[in-house]
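S.K.: Input coords19.txt, format and content: compact mmCIF, C-alpha atoms and all ligand atoms.
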```
# COMPACT_ATOMS: atom_id res chain seq x y z
CA MET A 1 -17.63 5.38 20.09
CA SER A 2 -19.09 2.13 18.93
CA ALA A 3 -20.22 1.46 15.40
CA ILE A 4 -23.80 1.31 16.68
CA GLN A 5 -23.48 4.78 18.17
CA GLU A 6 -21.99 6.08 14.92
CA LEU A 7 -24.82 4.49 12.96
CA ALA A 8 -27.41 5.95 15.33
CA GLU A 9 -25.91 9.41 14.88
CA ALA A 10 -25.76 8.97 11.13
CA ILE A 11 -29.43 8.00 11.09
CA ALA A 12 -30.19 11.01 13.25
CA GLY A 13 -28.35 13.16 10.68
CA ARG A 14 -25.47 14.09 12.94
CA GLU A 15 -21.80 13.38 12.55
CA PRO A 16 -20.02 11.71 15.46
CA ASP A 17 -18.26 14.36 17.56
CA TRP A 18 -14.80 13.44 16.31
CA GLN A 19 -15.83 13.99 12.68
CA VAL A 20 -16.60 17.61 13.45
CA ASP A 21 -12.93 18.08 14.40
CA ALA A 22 -11.61 16.09 11.44
CA LYS A 23 -9.03 18.04 9.49
CA CYS A 24 -10.29 16.56 6.21
CA ASN A 25 -13.88 17.57 6.91
CA ASP A 26 -13.85 20.84 4.99
CA GLY A 27 -17.38 20.42 3.69
CA THR A 28 -16.29 20.38 0.04
CA GLY A 29 -15.21 16.77 -0.45
CA ALA A 30 -12.17 18.10 -2.28
CA LEU A 31 -9.82 15.68 -0.52
CA VAL A 32 -11.67 12.48 -1.39
CA GLU A 33 -9.51 11.80 -4.46
CA LEU A 34 -6.33 12.24 -2.41
CA PHE A 35 -7.45 9.85 0.35
CA PHE A 36 -8.60 7.17 -2.10
CA SER A 37 -5.89 7.60 -4.72
CA GLU A 38 -3.93 4.67 -6.12
CA GLN A 39 -0.86 6.88 -6.59
CA ILE A 40 1.94 6.32 -4.11
CA ASP A 41 2.78 10.02 -3.81
CA ASP A 42 -0.88 10.88 -3.15
CA ILE A 43 -1.08 8.19 -0.48
CA ALA A 44 2.01 9.60 1.22
CA ALA A 45 0.50 13.09 1.07
CA ALA A 46 -2.76 11.84 2.59
CA LYS A 47 -0.89 10.08 5.40
CA GLY A 48 1.04 13.27 6.07
CA PHE A 49 -2.17 15.30 6.08
CA CYS A 50 -3.53 13.10 8.86
CA GLY A 51 -0.40 13.62 10.96
CA ASP A 52 -1.69 16.50 13.05
CA CYS A 53 -5.41 15.81 12.77
CA PRO A 54 -7.12 16.05 16.17
CA ALA A 55 -9.46 13.23 15.14
CA ARG A 56 -6.72 10.79 14.17
CA GLU A 57 -7.24 8.25 16.97
CA PRO A 58 -11.01 7.77 16.64
CA CYS A 59 -10.71 7.90 12.86
CA LEU A 60 -8.17 5.07 12.85
CA ALA A 61 -10.06 3.04 15.44
CA GLY A 62 -13.29 3.36 13.47
CA ALA A 63 -11.62 2.33 10.22
CA GLN A 64 -10.14 -0.74 11.92
CA GLU A 65 -13.49 -1.63 13.43
CA ARG A 66 -15.25 -1.30 10.07
CA ARG A 67 -12.41 -3.08 8.28
CA GLU A 68 -12.25 -0.35 5.66
CA PRO A 69 -11.64 -1.88 2.25
CA TRP A 70 -9.40 0.93 0.97
CA GLY A 71 -8.21 4.46 1.49
CA VAL A 72 -6.17 6.39 4.02
CA TRP A 73 -7.79 6.62 7.46
CA GLY A 74 -6.17 7.91 10.62
CA GLY A 75 -2.85 8.24 8.84
CA GLU A 76 -2.76 4.61 7.72
CA LEU A 77 -3.40 2.97 4.36
CA PHE A 78 -6.09 0.30 4.34
CA VAL A 79 -6.33 -2.47 1.76
CA ASN A 80 -9.03 -5.09 2.14
CA GLY A 81 -9.66 -4.19 5.77
CA ARG A 82 -6.01 -4.31 6.82
CA ILE A 83 -3.38 -1.67 7.42
CA VAL A 84 -0.54 -1.98 4.95
CA ALA A 85 2.77 -0.14 4.95
CA GLN A 86 2.55 0.85 1.32
CA LYS A 87 0.74 0.14 -1.88
CA ARG A 88 2.35 -2.27 -4.28
CA LYS A 89 3.00 -1.01 -7.74
CA ARG A 90 1.20 -2.73 -10.58
CA GLY A 91 3.19 -5.38 -12.35
CA ARG A 92 5.25 -6.29 -9.34
CA PRO A 93 6.63 -9.84 -9.59
CA PRO A 94 4.83 -12.50 -7.55
CA LYS A 95 6.04 -13.17 -4.01
CA ILE A 96 6.67 -16.79 -4.85
CA ARG A 97 8.83 -17.26 -7.90
CA PRO A 98 8.24 -20.31 -10.07
CA GLU A 99 10.86 -23.00 -9.66
CA GLU A 100 13.61 -23.07 -12.22
CA GLY A 101 12.74 -25.45 -15.03
CA ALA A 102 9.01 -25.28 -14.23
CA PRO A 103 6.78 -24.74 -17.25
CA GLN A 104 6.15 -21.05 -17.97
CA ALA A 105 2.78 -19.55 -18.81
CA GLN A 106 2.43 -19.13 -22.57
CA THR A 107 1.40 -15.84 -24.10
CA ALA A 108 -0.14 -15.60 -27.53
S1 LIG T 1 -7.05 11.30 10.55
FE1 LIG T 1 -6.99 11.83 8.36
S2 LIG T 1 -8.72 10.74 7.41
FE2 LIG T 1 -9.03 10.74 9.64
S3 LIG T 1 -10.31 12.48 10.08
FE3 LIG T 1 -8.20 13.18 10.30
S4 LIG T 1 -7.57 14.00 8.32
FE4 LIG T 1 -9.45 12.80 8.00
```
Render the structure in this file as structure tokens.
M.R.:
Amino acid sequence: MSAIQELAEAIAGREPDWQVDAKCNDGTGALVELFFSEQIDDIAAAKGFCGDCPAREPCLAGAQERREPWGVWGGELFVNGRIVAQKRKRGRPPKIRPEEGAPQAQTA
């Protein structure tokens, strides 16, 4: 289904067909925190939850098309519109290390 069709159905007040079958669509919104969590164990749990969802393919395709900025969709983690293998922990060292002997940032 194209984004235009999804938008048309949203405007008409209907969910796209695949959303009706979505395993996470329990009508309570209770899983939102899990699917948009920053915690690595929550993200793994959300990915696992998607594993046997009958709507996984269209869910993932739609998220890719919309370039979802974050969250788990179709069993994959999205960050800034891209699928990433895993979330980086805060405070991780930079990918590019400063050269030895280069001036270091000063802290007060
Ligand atoms: S694949 Fe995951 S996020 Fe997508 S509809 Fe299914 S349970 Fe929900």
S.K.: Can you pull out every residue with an atom within 12 Å of ligand LIG 1 (chain T)? Use only C-alpha atoms and all ligand atoms and format it as a ChimeraX atom specification.
M.R.: /A:15-27,29-36,43-64,68,70-78
S.K.: Could the centre and edge lengths of an axis-aligned box, enclosing all atoms of stretch 72-88 of chain A in the file with 4 Å extra on each side, be given in Å to one decimal as lines of an AutoDock Vina configuration file?
M.R.:
```
center_x = -3.4
center_y = 1.6
center_z = 3.2
size_x = 20.4
size_y = 21.3
size_z = 22.9
```
S.K.: What is the atom CA of A:Gly81 to atom CA of A:Glu65 distance in Å?
M.R.: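 Interatomic distance here is 8.9 Å.
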